[in-house]
Structures are given as C-alpha cells and as structure tokens.
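Trainee: This is the structure I have questions about; it appears just below.
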Amino acid sequence: MMKENEAWTLLFIADIIGKPGLEIVARLLPGLRQQYQPDLVIANGENAAEGKGITAALAKQYLELGIDVITGGNHTWENPEVFKIWQKDEALSSRVLRPANYPPPNPGRGYTLVDIEEGVKAAVINLQGRTYLYTIDCPFRTADEILRRIDRQASVVIVDFHAEATAEKMALAWHLDGRVSAVIGTHTHVPTADEQILPGGTAYLTDLGMTGPFDSVIGMKKETAIKRFMRGVPMRFEVASGNVRLCGALIRISKETMKAVSIERLFLQ
C-alpha cells in the first residue's frame, strides 16, 4: 500500500451549477480538504453564472473556497463578463481556463502551471471535443502541441476534456495514455462509473457528472426541459434547486513514477 506522502492527491470537482452548486461546494469542500489534504483542487466552472458562463466575482469566490484552477467549456463564452477576467484581472487570468483548442484570436488561456509542492508543478489542460459540438481546432493535435510546449516543466498533467461523445473522450484518453496523469471528462452532467487506470498509468473517467441539483434535467428545471422537448421551440432554462449533490473524483499520482495509482469517484450531499 502506497503511503500518503508518496503520492500527490488531486481533487477534481464536477461542473458547478449556479448558486446551488456554489453552496454545496462551500459547505463540503472544507471537510474534503481536511480529510484528503489534496495538493491540487480543480473545478469546472462553465455553469457558474446561473448555468451559463462565469464572472470574475464568482471565480474569486471559488478561489477563496480553496479551488486552485477553474476549467471551462462551450458555455464559458455565454456570459460576456468572462472576458473581463482575461483582459483586466491578472490575478485570475492564469487560474480561469477555457478550452485550449478554440482558435485564435480568442482571449484566455487553455492551460496553466501551478505549484503543488516546493519545486514541483502541475499542468492543467482544458480541451473541448468536436463531436456534436462546435467544429473548433482538433483537441488531439492541440494536446500534443501543449505537451511539447510544457515538456519537463510539470510533474503532473491533468486534462479536463469537455466533450459530448463518449467515444471521443475515450479516444483522447488512449491517445494520451502514459503522457498525462489523468484525462477527466466533463460536459454531460451525468456521472459515469468507468473510472480506471489505463496501461500507461493515466487515470480516466468518461464524465465527472455535475455539482448541483439532481432533481432536474442536467441541472435545469425539469418542467422547462420537458416543455422544450415536447414543443420543439427554444425556452429559457433556469437552474433547479432540489437534491443537490457534489460530484467529483480523487486521483492519486505517484511521486516516483508520475503515474496515477488510483482514482475514486465522489457523489456527496
């Protein structure tokens, strides 16, 4: 059995949905930090602002709660306040990511390097899939380019792959197996039960799920979602409120091999 001090512990919190998601993170994260003492805490925040995008004020709240890096996705762009983070707030700009494979000249950054202990850095890379989503730049080639760019700068590399298709997520994980510490899927808001360590030592999970109300349709009021499907016309979604859960994963990375040794799903209330 590997001892705690022989591995880094990473906590990845699933897509935080609006105010209910923020409230459960504020309530549970202090206990999780005390229990597991993570060296790095990541959270997907593309749904922070009532389900669409993130603001500087919310990003600051996340960081004050103990989240180190905030990743994004296709909804990141839907709140114009996000642009202020990258254009005006130097303190936040390196901690709030958007998918790296959006083409230039979009603002923001798609990866960052953070300290996890003295002299040791972790890289967090944010990518977005193309199947059933926007036809942006290739996430596979973008990942390869970033890994070349940060070669030997980071001991741990975590990828948030924000994608719709299960097959695309799995394919990227196999493509990166042995070259990154973990490939963790986000976007669908439905937690999957396929956590595993691939042969090259990369931890993988198809989708973390969401941190928010499960008495809902992927976090939104179910009544509106039902009407939208039945009537076939656009309707304004609102964040639901019932049965709020925190989804996430704990990943342990060997300090000797830099490979993942375990991954454990979280589903808490």
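Lettering and numbering for the structure tokens are positional, with chains as A, B, ... in the shown order, residues counted from 1 in each chain, and ligands counted from 1 in the shown order.
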Extract, using only C-alpha atoms, all DNA, RNA and protein residues at most 9 Å from segment 53-57 of chain A, discarding same-chain residues fewer than 5 positions from it, and format them as JSON, numbers by chain.

Mentor: {"A": [45, 46, 47, 48, 62, 72, 73, 74, 75, 76, 77, 78, 79, 80, 81, 82, 83, 84, 85, 89, 92]}

Trainee: Take the residues just selected and output them with N, CA, C and O atoms as a PDB file, in the first residue's frame.

Mentor:
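As written to disk, result02.pdb reads:
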ATOM      1  N   GLY A  45     -16.073  25.314 -14.030  1.00  0.00           N
ATOM      2  CA  GLY A  45     -16.942  26.420 -13.657  1.00  0.00           C
ATOM      3  C   GLY A  45     -17.704  27.033 -14.808  1.00  0.00           C
ATOM      4  O   GLY A  45     -18.154  28.180 -14.703  1.00  0.00           O
ATOM      5  N   GLU A  46     -17.897  26.292 -15.908  1.00  0.00           N
ATOM      6  CA  GLU A  46     -18.554  26.904 -17.073  1.00  0.00           C
ATOM      7  C   GLU A  46     -20.041  27.178 -16.844  1.00  0.00           C
ATOM      8  O   GLU A  46     -20.658  27.895 -17.620  1.00  0.00           O
ATOM      9  N   ASN A  47     -20.623  26.599 -15.785  1.00  0.00           N
ATOM     10  CA  ASN A  47     -22.049  26.821 -15.485  1.00  0.00           C
ATOM     11  C   ASN A  47     -22.248  27.636 -14.218  1.00  0.00           C
ATOM     12  O   ASN A  47     -23.317  27.608 -13.603  1.00  0.00           O
ATOM     13  N   ALA A  48     -21.224  28.362 -13.807  1.00  0.00           N
ATOM     14  CA  ALA A  48     -21.257  29.065 -12.524  1.00  0.00           C
ATOM     15  C   ALA A  48     -22.344  30.132 -12.445  1.00  0.00           C
ATOM     16  O   ALA A  48     -23.049  30.253 -11.449  1.00  0.00           O
ATOM     17  N   TYR A  62     -14.811  31.085  -5.873  1.00  0.00           N
ATOM     18  CA  TYR A  62     -14.296  29.720  -5.999  1.00  0.00           C
ATOM     19  C   TYR A  62     -12.880  29.619  -5.436  1.00  0.00           C
ATOM     20  O   TYR A  62     -12.551  28.683  -4.696  1.00  0.00           O
ATOM     21  N   GLY A  72     -13.167  25.320 -18.058  1.00  0.00           N
ATOM     22  CA  GLY A  72     -14.378  25.776 -18.744  1.00  0.00           C
ATOM     23  C   GLY A  72     -14.841  24.819 -19.816  1.00  0.00           C
ATOM     24  O   GLY A  72     -14.439  23.663 -19.868  1.00  0.00           O
ATOM     25  N   GLY A  73     -15.676  25.352 -20.722  1.00  0.00           N
ATOM     26  CA  GLY A  73     -16.240  24.546 -21.800  1.00  0.00           C
ATOM     27  C   GLY A  73     -16.996  25.430 -22.765  1.00  0.00           C
ATOM     28  O   GLY A  73     -16.773  26.641 -22.828  1.00  0.00           O
ATOM     29  N   ASN A  74     -17.927  24.834 -23.485  1.00  0.00           N
ATOM     30  CA  ASN A  74     -18.652  25.586 -24.508  1.00  0.00           C
ATOM     31  C   ASN A  74     -19.514  26.705 -23.928  1.00  0.00           C
ATOM     32  O   ASN A  74     -19.745  27.733 -24.570  1.00  0.00           O
ATOM     33  N   HIS A  75     -19.987  26.550 -22.678  1.00  0.00           N
ATOM     34  CA  HIS A  75     -20.819  27.597 -22.081  1.00  0.00           C
ATOM     35  C   HIS A  75     -20.000  28.757 -21.509  1.00  0.00           C
ATOM     36  O   HIS A  75     -20.562  29.784 -21.138  1.00  0.00           O
ATOM     37  N   THR A  76     -18.691  28.582 -21.422  1.00  0.00           N
ATOM     38  CA  THR A  76     -17.837  29.634 -20.875  1.00  0.00           C
ATOM     39  C   THR A  76     -18.091  30.978 -21.555  1.00  0.00           C
ATOM     40  O   THR A  76     -18.102  32.033 -20.915  1.00  0.00           O
ATOM     41  N   TRP A  77     -18.327  30.939 -22.855  1.00  0.00           N
ATOM     42  CA  TRP A  77     -18.425  32.160 -23.650  1.00  0.00           C
ATOM     43  C   TRP A  77     -19.786  32.840 -23.528  1.00  0.00           C
ATOM     44  O   TRP A  77     -19.964  33.950 -24.039  1.00  0.00           O
ATOM     45  N   GLU A  78     -20.770  32.201 -22.886  1.00  0.00           N
ATOM     46  CA  GLU A  78     -22.140  32.703 -22.924  1.00  0.00           C
ATOM     47  C   GLU A  78     -22.429  33.810 -21.916  1.00  0.00           C
ATOM     48  O   GLU A  78     -23.527  34.348 -21.881  1.00  0.00           O
ATOM     49  N   ASN A  79     -21.454  34.125 -21.071  1.00  0.00           N
ATOM     50  CA  ASN A  79     -21.592  35.294 -20.201  1.00  0.00           C
ATOM     51  C   ASN A  79     -20.441  36.248 -20.529  1.00  0.00           C
ATOM     52  O   ASN A  79     -19.288  35.919 -20.299  1.00  0.00           O
ATOM     53  N   PRO A  80     -20.758  37.423 -21.083  1.00  0.00           N
ATOM     54  CA  PRO A  80     -19.694  38.331 -21.521  1.00  0.00           C
ATOM     55  C   PRO A  80     -18.776  38.800 -20.404  1.00  0.00           C
ATOM     56  O   PRO A  80     -17.673  39.288 -20.669  1.00  0.00           O
ATOM     57  N   GLU A  81     -19.191  38.617 -19.147  1.00  0.00           N
ATOM     58  CA  GLU A  81     -18.342  39.010 -18.022  1.00  0.00           C
ATOM     59  C   GLU A  81     -17.033  38.240 -17.981  1.00  0.00           C
ATOM     60  O   GLU A  81     -16.050  38.693 -17.399  1.00  0.00           O
ATOM     61  N   VAL A  82     -17.023  37.064 -18.616  1.00  0.00           N
ATOM     62  CA  VAL A  82     -15.811  36.240 -18.572  1.00  0.00           C
ATOM     63  C   VAL A  82     -14.638  36.947 -19.251  1.00  0.00           C
ATOM     64  O   VAL A  82     -13.474  36.763 -18.867  1.00  0.00           O
ATOM     65  N   PHE A  83     -14.912  37.774 -20.246  1.00  0.00           N
ATOM     66  CA  PHE A  83     -13.834  38.443 -20.966  1.00  0.00           C
ATOM     67  C   PHE A  83     -13.070  39.415 -20.065  1.00  0.00           C
ATOM     68  O   PHE A  83     -11.886  39.659 -20.273  1.00  0.00           O
ATOM     69  N   LYS A  84     -13.739  39.948 -19.057  1.00  0.00           N
ATOM     70  CA  LYS A  84     -13.074  40.858 -18.123  1.00  0.00           C
ATOM     71  C   LYS A  84     -12.001  40.134 -17.318  1.00  0.00           C
ATOM     72  O   LYS A  84     -11.008  40.739 -16.913  1.00  0.00           O
ATOM     73  N   ILE A  85     -12.212  38.855 -17.082  1.00  0.00           N
ATOM     74  CA  ILE A  85     -11.225  38.077 -16.328  1.00  0.00           C
ATOM     75  C   ILE A  85      -9.893  38.072 -17.068  1.00  0.00           C
ATOM     76  O   ILE A  85      -8.829  38.311 -16.495  1.00  0.00           O
ATOM     77  N   ASP A  89      -8.073  41.244 -15.283  1.00  0.00           N
ATOM     78  CA  ASP A  89      -7.770  40.715 -13.957  1.00  0.00           C
ATOM     79  C   ASP A  89      -6.603  39.741 -14.021  1.00  0.00           C
ATOM     80  O   ASP A  89      -6.786  38.547 -14.251  1.00  0.00           O
ATOM     81  N   LEU A  92      -6.614  36.553 -11.759  1.00  0.00           N
ATOM     82  CA  LEU A  92      -7.495  35.440 -12.118  1.00  0.00           C
ATOM     83  C   LEU A  92      -7.135  34.795 -13.448  1.00  0.00           C
ATOM     84  O   LEU A  92      -7.468  33.631 -13.679  1.00  0.00           O
TER      85      LEU A  92
END

Trainee: Which of these residues is nearest to Val183 of chain A, using only C-alpha atoms: A:Asn5, A:Ser93, A:Gly209, A:Ala260?

Mentor: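 Answer, going by the shortest atom-to-atom distance: A:Ala260.
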
Trainee: Would you work out the distance separating atom CA of Leu266 of chain A from atom CA of Lys19 of chain A, expressed in Å to one decimal?

Mentor: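 Computing the Euclidean distance for atom CA of Leu266 of chain A and atom CA of Lys19 of chain A yields 19.9 Å.
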
Trainee: Nearest residue to Pro99 of chain A out of A:Ile218, A:Val159, A:Leu172, A:Leu147, using only C-alpha atoms?

Mentor: A:Val159

Trainee: For the atom pair atom CA of Ala14 of chain A and atom CA of Cys138 of chain A, what is the interatomic distance in Å to one decimal place?

Mentor: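 Atom-to-atom, atom CA of Ala14 of chain A and atom CA of Cys138 of chain A are spaced 23.6 Å apart.
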
Trainee: Do you have the atom CA of Ile24 of chain A-atom CA of Gln61 of chain A distance handy?

Mentor: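 If I compute the distance from atom CA of Ile24 of chain A to atom CA of Gln61 of chain A, I get 13.0 Å.
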
Trainee: For Pro30 of chain A, which of A:Val190, A:Val156, A:Leu65, A:Ala167 is the closest residue, counting only C-alpha atoms?

Mentor: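 Among the listed residues, the smallest separation from Pro30 of chain A belongs to A:Leu65.
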
Trainee: Please identify the alpha helix (DSSP H) residues within segment 10-251 of chain A (assignment by DSSP from backbone atoms) and present them as a PyMOL selection string.

Mentor: chain A and resi 18-36+56-65+82-88+90-93+139-149+166-176+222-231

Trainee: Can you list every residue in segment 29-125 of chain A that DSSP puts in strand (DSSP E or B), as a ChimeraX atom specification?

Mentor: /A:40-44,69-71,96,111-117,120-125

Trainee: Tell me, as a PyMOL selection string, which residues lie within 8 Å of His187 of chain A, counting only C-alpha atoms; anything in the same chain fewer than 5 positions away does not count.

Mentor: chain A and resi 15+73+162-164+207+209

Trainee: Write out, as a PDB file, in the first residue's frame, the residues just selected, with C-alpha atoms.

Mentor:
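In the end it all went to result_5.pdb:
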ATOM      1  CA  ASP A  15     -19.324  21.158 -13.271  1.00  0.00           C
ATOM      2  CA  GLY A  73     -16.240  24.546 -21.800  1.00  0.00           C
ATOM      3  CA  HIS A 162     -15.140  18.845 -22.124  1.00  0.00           C
ATOM      4  CA  ALA A 163     -16.905  16.720 -24.717  1.00  0.00           C
ATOM      5  CA  GLU A 164     -20.256  15.217 -25.639  1.00  0.00           C
ATOM      6  CA  ASP A 207     -17.689  12.066 -17.120  1.00  0.00           C
ATOM      7  CA  GLY A 209     -21.161  14.496 -13.626  1.00  0.00           C
TER       8      GLY A 209
END

Trainee: When you count only C-alpha atoms, which of these residues is closest to Asn101 of chain A: A:Asp137, A:Asp115, A:Glu145, A:Asp194?

Mentor: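 Nearest candidate to Asn101 of chain A out of A:Asp137, A:Asp115, A:Glu145, A:Asp194: A:Asp137.
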
Trainee: Kindly indicate which residue among A:Ile17, A:Arg109, A:Ser262, A:Tyr102 lies nearest to Leu133 of chain A, using only C-alpha atoms for the distances.

Mentor: A:Tyr102
